[in-house]
>>> print(open('work.pdb').read())   # PDB, C-alpha atoms and all ligand atoms
ATOM      1  CA  MET S   1     -18.459  11.566   2.608  1.00  0.00           C
ATOM      2  CA  MET S   2     -19.314  12.356   6.195  1.00  0.00           C
ATOM      3  CA  ALA S   3     -22.529  13.964   7.344  1.00  0.00           C
ATOM      4  CA  ASP S   4     -21.992  17.542   8.468  1.00  0.00           C
ATOM      5  CA  VAL S   5     -21.495  17.654  12.220  1.00  0.00           C
ATOM      6  CA  MET S   6     -24.205  19.472  14.143  1.00  0.00           C
ATOM      7  CA  GLN S   7     -22.622  21.701  16.788  1.00  0.00           C
ATOM      8  CA  SER S   8     -24.184  22.445  20.203  1.00  0.00           C
ATOM      9  CA  ASP S   9     -25.319  25.873  18.935  1.00  0.00           C
ATOM     10  CA  GLY S  10     -27.212  24.168  16.128  1.00  0.00           C
ATOM     11  CA  ALA S  11     -24.826  25.353  13.394  1.00  0.00           C
ATOM     12  CA  GLN S  12     -23.284  22.864  11.011  1.00  0.00           C
ATOM     13  CA  ARG S  13     -19.531  22.681  10.739  1.00  0.00           C
ATOM     14  CA  ALA S  14     -18.288  23.403   7.210  1.00  0.00           C
ATOM     15  CA  ALA S  15     -16.504  20.640   5.310  1.00  0.00           C
ATOM     16  CA  GLY S  16     -13.151  22.452   5.390  1.00  0.00           C
ATOM     17  CA  ASP S  17     -13.345  22.631   9.167  1.00  0.00           C
ATOM     18  CA  ARG S  18     -12.993  18.881   9.580  1.00  0.00           C
ATOM     19  CA  PRO S  19      -9.930  17.786   7.615  1.00  0.00           C
ATOM     20  CA  ASP S  20      -9.224  15.100  10.204  1.00  0.00           C
ATOM     21  CA  ALA S  21     -12.671  13.497   9.949  1.00  0.00           C
ATOM     22  CA  VAL S  22     -12.690   9.997   8.485  1.00  0.00           C
ATOM     23  CA  ASP S  23     -15.213   8.917   5.843  1.00  0.00           C
ATOM     24  CA  GLY S  24     -16.798   5.770   7.273  1.00  0.00           C
ATOM     25  CA  GLY S  25     -14.967   6.293  10.572  1.00  0.00           C
ATOM     26  CA  ALA S  26     -16.273   6.255  14.133  1.00  0.00           C
ATOM     27  CA  GLY S  27     -17.987   9.658  13.903  1.00  0.00           C
ATOM     28  CA  ASP S  28     -19.744   8.851  10.633  1.00  0.00           C
ATOM     29  CA  ASP S  29     -23.304   8.046  11.716  1.00  0.00           C
ATOM     30  CA  ARG S  30     -24.873   7.938   8.243  1.00  0.00           C
ATOM     31  CA  PRO S  31     -26.463   4.665   7.102  1.00  0.00           C
ATOM     32  CA  ALA S  32     -23.886   2.339   5.546  1.00  0.00           C
ATOM     33  CA  GLY S  33     -23.540   2.730   1.793  1.00  0.00           C
ATOM     34  CA  THR S  34     -24.617   6.365   1.592  1.00  0.00           C
ATOM     35  CA  GLY S  35     -22.323   9.009   0.108  1.00  0.00           C
ATOM     36  CA  THR S  36     -19.829   8.599  -2.723  1.00  0.00           C
ATOM     37  CA  GLY S  37     -17.033   7.214  -0.573  1.00  0.00           C
ATOM     38  CA  THR S  38     -14.712   9.980  -1.753  1.00  0.00           C
ATOM     39  CA  GLY S  39     -14.560  11.843   1.569  1.00  0.00           C
ATOM     40  CA  THR S  40     -16.044  15.035   0.147  1.00  0.00           C
ATOM     41  CA  GLU S  41     -19.534  16.301  -0.567  1.00  0.00           C
ATOM     42  CA  ASP S  42     -18.283  18.633  -3.316  1.00  0.00           C
ATOM     43  CA  SER S  43     -19.317  16.980  -6.596  1.00  0.00           C
ATOM     44  CA  ALA S  44     -16.453  18.419  -8.681  1.00  0.00           C
ATOM     45  CA  ALA S  45     -13.874  17.310  -6.126  1.00  0.00           C
ATOM     46  CA  ALA S  46     -15.572  13.904  -5.882  1.00  0.00           C
ATOM     47  CA  ALA S  47     -15.430  13.465  -9.686  1.00  0.00           C
ATOM     48  CA  ARG S  48     -11.728  14.368  -9.718  1.00  0.00           C
ATOM     49  CA  ILE S  49     -11.030  11.923  -6.902  1.00  0.00           C
ATOM     50  CA  VAL S  50     -12.865   9.132  -8.733  1.00  0.00           C
ATOM     51  CA  ALA S  51     -10.786   9.843 -11.879  1.00  0.00           C
ATOM     52  CA  ILE S  52      -7.476   9.843  -9.992  1.00  0.00           C
ATOM     53  CA  ARG S  53      -8.476   6.637  -8.204  1.00  0.00           C
ATOM     54  CA  GLU S  54      -8.747   4.855 -11.551  1.00  0.00           C
ATOM     55  CA  ARG S  55      -5.004   5.315 -12.061  1.00  0.00           C
ATOM     56  CA  ILE S  56      -4.291   4.414  -8.435  1.00  0.00           C
ATOM     57  CA  ASP S  57      -6.199   1.151  -8.888  1.00  0.00           C
ATOM     58  CA  GLU S  58      -4.258   0.445 -12.100  1.00  0.00           C
ATOM     59  CA  ILE S  59      -0.964   1.050 -10.284  1.00  0.00           C
ATOM     60  CA  ASP S  60      -2.043  -1.226  -7.421  1.00  0.00           C
ATOM     61  CA  ARG S  61      -2.901  -4.033  -9.841  1.00  0.00           C
ATOM     62  CA  THR S  62       0.499  -3.653 -11.548  1.00  0.00           C
ATOM     63  CA  MET S  63       2.282  -3.672  -8.212  1.00  0.00           C
ATOM     64  CA  ILE S  64       0.466  -6.823  -7.118  1.00  0.00           C
ATOM     65  CA  ASP S  65       1.360  -8.539 -10.423  1.00  0.00           C
ATOM     66  CA  LEU S  66       5.009  -7.471 -10.105  1.00  0.00           C
ATOM     67  CA  TRP S  67       5.099  -8.537  -6.459  1.00  0.00           C
ATOM     68  CA  GLN S  68       3.867 -12.014  -7.374  1.00  0.00           C
ATOM     69  CA  GLU S  69       6.227 -12.282 -10.370  1.00  0.00           C
ATOM     70  CA  ARG S  70       9.200 -11.284  -8.232  1.00  0.00           C
ATOM     71  CA  ALA S  71       8.311 -13.808  -5.516  1.00  0.00           C
ATOM     72  CA  ALA S  72       8.047 -16.601  -8.105  1.00  0.00           C
ATOM     73  CA  LEU S  73      11.430 -15.646  -9.637  1.00  0.00           C
ATOM     74  CA  SER S  74      13.048 -15.491  -6.210  1.00  0.00           C
ATOM     75  CA  GLN S  75      11.704 -18.985  -5.444  1.00  0.00           C
ATOM     76  CA  GLN S  76      13.139 -20.246  -8.752  1.00  0.00           C
ATOM     77  CA  VAL S  77      16.559 -18.845  -7.862  1.00  0.00           C
ATOM     78  CA  GLY S  78      16.406 -20.475  -4.425  1.00  0.00           C
ATOM     79  CA  ALA S  79      15.296 -23.850  -5.808  1.00  0.00           C
ATOM     80  CA  THR S  80      18.035 -23.736  -8.470  1.00  0.00           C
ATOM     81  CA  ARG S  81      20.690 -22.962  -5.879  1.00  0.00           C
ATOM     82  CA  ILE S  82      19.548 -25.597  -3.374  1.00  0.00           C
ATOM     83  CA  ALA S  83      19.300 -28.262  -6.114  1.00  0.00           C
ATOM     84  CA  SER S  84      22.925 -27.518  -7.000  1.00  0.00           C
ATOM     85  CA  GLY S  85      24.026 -27.960  -3.385  1.00  0.00           C
ATOM     86  CA  GLY S  86      24.143 -24.216  -2.677  1.00  0.00           C
ATOM     87  CA  THR S  87      22.783 -22.184   0.177  1.00  0.00           C
ATOM     88  CA  ARG S  88      19.151 -21.184   0.705  1.00  0.00           C
ATOM     89  CA  LEU S  89      20.099 -17.537   1.159  1.00  0.00           C
ATOM     90  CA  VAL S  90      22.747 -15.116  -0.112  1.00  0.00           C
ATOM     91  CA  LEU S  91      22.868 -12.392   2.501  1.00  0.00           C
ATOM     92  CA  SER S  92      25.278 -10.147   0.552  1.00  0.00           C
ATOM     93  CA  ARG S  93      22.683  -9.962  -2.232  1.00  0.00           C
ATOM     94  CA  GLU S  94      19.931  -9.218   0.288  1.00  0.00           C
ATOM     95  CA  ARG S  95      22.027  -6.369   1.705  1.00  0.00           C
ATOM     96  CA  GLN S  96      22.400  -4.875  -1.808  1.00  0.00           C
ATOM     97  CA  ILE S  97      18.616  -5.007  -2.301  1.00  0.00           C
ATOM     98  CA  LEU S  98      17.912  -3.488   1.125  1.00  0.00           C
ATOM     99  CA  GLU S  99      20.363  -0.673   0.350  1.00  0.00           C
ATOM    100  CA  ARG S 100      18.784  -0.031  -3.063  1.00  0.00           C
ATOM    101  CA  PHE S 101      15.345   0.393  -1.497  1.00  0.00           C
ATOM    102  CA  ARG S 102      16.675   2.453   1.424  1.00  0.00           C
ATOM    103  CA  GLU S 103      18.486   4.836  -0.954  1.00  0.00           C
ATOM    104  CA  ALA S 104      15.350   5.296  -3.084  1.00  0.00           C
ATOM    105  CA  LEU S 105      12.676   5.363  -0.384  1.00  0.00           C
ATOM    106  CA  GLY S 106      14.317   5.873   2.986  1.00  0.00           C
ATOM    107  CA  ALA S 107      13.384   3.866   6.076  1.00  0.00           C
ATOM    108  CA  ASP S 108      10.066   2.774   4.546  1.00  0.00           C
ATOM    109  CA  GLY S 109      12.073   1.384   1.620  1.00  0.00           C
ATOM    110  CA  THR S 110      13.959  -0.868   4.001  1.00  0.00           C
ATOM    111  CA  GLN S 111      10.691  -2.189   5.437  1.00  0.00           C
ATOM    112  CA  LEU S 112       9.299  -2.716   1.947  1.00  0.00           C
ATOM    113  CA  ALA S 113      12.416  -4.597   0.833  1.00  0.00           C
ATOM    114  CA  LEU S 114      12.232  -6.848   3.911  1.00  0.00           C
ATOM    115  CA  LEU S 115       8.659  -7.794   2.979  1.00  0.00           C
ATOM    116  CA  LEU S 116       9.659  -8.279  -0.660  1.00  0.00           C
ATOM    117  CA  LEU S 117      12.503 -10.601   0.288  1.00  0.00           C
ATOM    118  CA  ARG S 118      10.303 -12.570   2.666  1.00  0.00           C
ATOM    119  CA  ALA S 119       7.698 -13.038  -0.058  1.00  0.00           C
ATOM    120  CA  GLY S 120      10.303 -14.814  -2.183  1.00  0.00           C
ATOM    121  CA  ARG S 121      12.553 -16.773   0.147  1.00  0.00           C
ATOM    122  CA  GLY S 122      10.263 -17.097   3.167  1.00  0.00           C
ATOM    123  CA  PRO S 123      11.012 -15.900   6.716  1.00  0.00           C
ATOM    124  CA  LEU S 124      14.595 -15.932   8.012  1.00  0.00           C
TER     125      LEU S 124
HETATM  126  O1  LIG B   1      19.216 -13.412  -5.798  1.00  0.00           O
HETATM  127  C1  LIG B   1      19.200 -14.463  -5.162  1.00  0.00           C
HETATM  128  O2  LIG B   1      20.235 -15.139  -5.001  1.00  0.00           O
HETATM  129  C2  LIG B   1      17.954 -14.956  -4.575  1.00  0.00           C
HETATM  130  O3  LIG B   1      17.897 -16.040  -4.029  1.00  0.00           O
HETATM  131  C3  LIG B   1      16.791 -14.049  -4.584  1.00  0.00           C
HETATM  132  C4  LIG B   1      16.646 -13.278  -3.284  1.00  0.00           C
HETATM  133  C5  LIG B   1      15.594 -12.169  -3.577  1.00  0.00           C
HETATM  134  O4  LIG B   1      14.415 -12.399  -3.329  1.00  0.00           O
HETATM  135  O5  LIG B   1      15.978 -11.134  -4.131  1.00  0.00           O
HETATM  136  C6  LIG B   1      16.145 -14.202  -2.233  1.00  0.00           C
HETATM  137  C7  LIG B   1      16.978 -14.806  -1.332  1.00  0.00           C
HETATM  138  C8  LIG B   1      18.409 -14.489  -1.265  1.00  0.00           C
HETATM  139  O6  LIG B   1      18.919 -14.557   0.022  1.00  0.00           O
HETATM  140  C9  LIG B   1      18.756 -13.272  -2.005  1.00  0.00           C
HETATM  141  C10 LIG B   1      17.932 -12.687  -2.902  1.00  0.00           C
END
>>> encode(input="work.pdb", output="structure tokens")
Amino acid sequence: MMADVMQSDGAQRAAGDRPDAVDGGAGDDRPAGTGTGTGTEDSAAAARIVAIRERIDEIDRTMIDLWQERAALSQQVGATRIASGGTRLVLSRERQILERFREALGADGTQLALLLLRAGRGPL
């Protein structure tokens, strides 16, 4: 939550008039730790945000677990291949993965897949 902004005429700007304001950002001059941290002073909206955030946090935990599992599996594949005299990388496979993420998520998918690949096999 941000404190309402006092205008030069002494009026306070309404919450809906500052959609670009940032809770905890540069213009937020309230003491640290005050407010609900939801970005709104409307209690019903704040409660809904807190409820939705529970699922967001659950999704984030799952994604972190999956990220770590994938990296470990990728390292196992690499170690298996190198131990058998094979190559460290298989670029044709990496291209398939990059394409899969690009098709599903667009340009951000490509960036995500690059990070995912680096987490497993290390930097190129
Ligand atoms: O599938 C493989 O062959 C892997 O080694 C795994 C992986 C990946 O993280 O997906 C990592 C490195 C390779 O260049 C290609 C793909």
>>> closest_atom_pairs(input="work.pdb", of="chain S", to="ligand LIG 1 (chain B)", cutoff="6 Å", atoms="only C-alpha atoms and all ligand atoms", output="tab-separated table")
residue	atom	partner	partner_atom	distance
S:Ser74	CA	B:LIG1	C3	4.3
S:Val77	CA	B:LIG1	O3	4.9
S:Gly78	CA	B:LIG1	O3	4.7
S:Leu89	CA	B:LIG1	O6	3.4
S:Val90	CA	B:LIG1	O6	3.9
S:Leu91	CA	B:LIG1	O6	5.1
S:Arg93	CA	B:LIG1	C9	5.1
S:Glu94	CA	B:LIG1	C9	4.8
S:Leu117	CA	B:LIG1	O4	4.5
S:Gly120	CA	B:LIG1	O4	4.9
S:Arg121	CA	B:LIG1	C6	5.0
>>> atom_distance(input="work.pdb", atom1="CA of Ala21 (chain S)", atom2="CA of Ile59 (chain S)")
26.5 Å
>>> axis_aligned_box(input="work.pdb", around="region 115-121 of chain S", padding_each_side="8 Å", output="lines of an AutoDock Vina configuration file")
center_x = 10.1
center_y = -12.3
center_z = 0.4
size_x = 20.9
size_y = 25.0
size_z = 21.2
>>> atom_distance(input="work.pdb", atom1="CA of Thr36 (chain S)", atom2="CA of Arg61 (chain S)")
22.3 Å
>>> atom_distance(input="work.pdb", atom1="CA of Leu114 (chain S)", atom2="CA of Asp65 (chain S)")
18.1 Å
>>> residues_around(input="work.pdb", residues="Ala46 (chain S)", least_positions_apart="6", cutoff="10 Å", atoms="only C-alpha atoms", output="list in words")
Met1, Thr36, Gly37, Thr38, Gly39, Thr40 and Ile52 of chain S
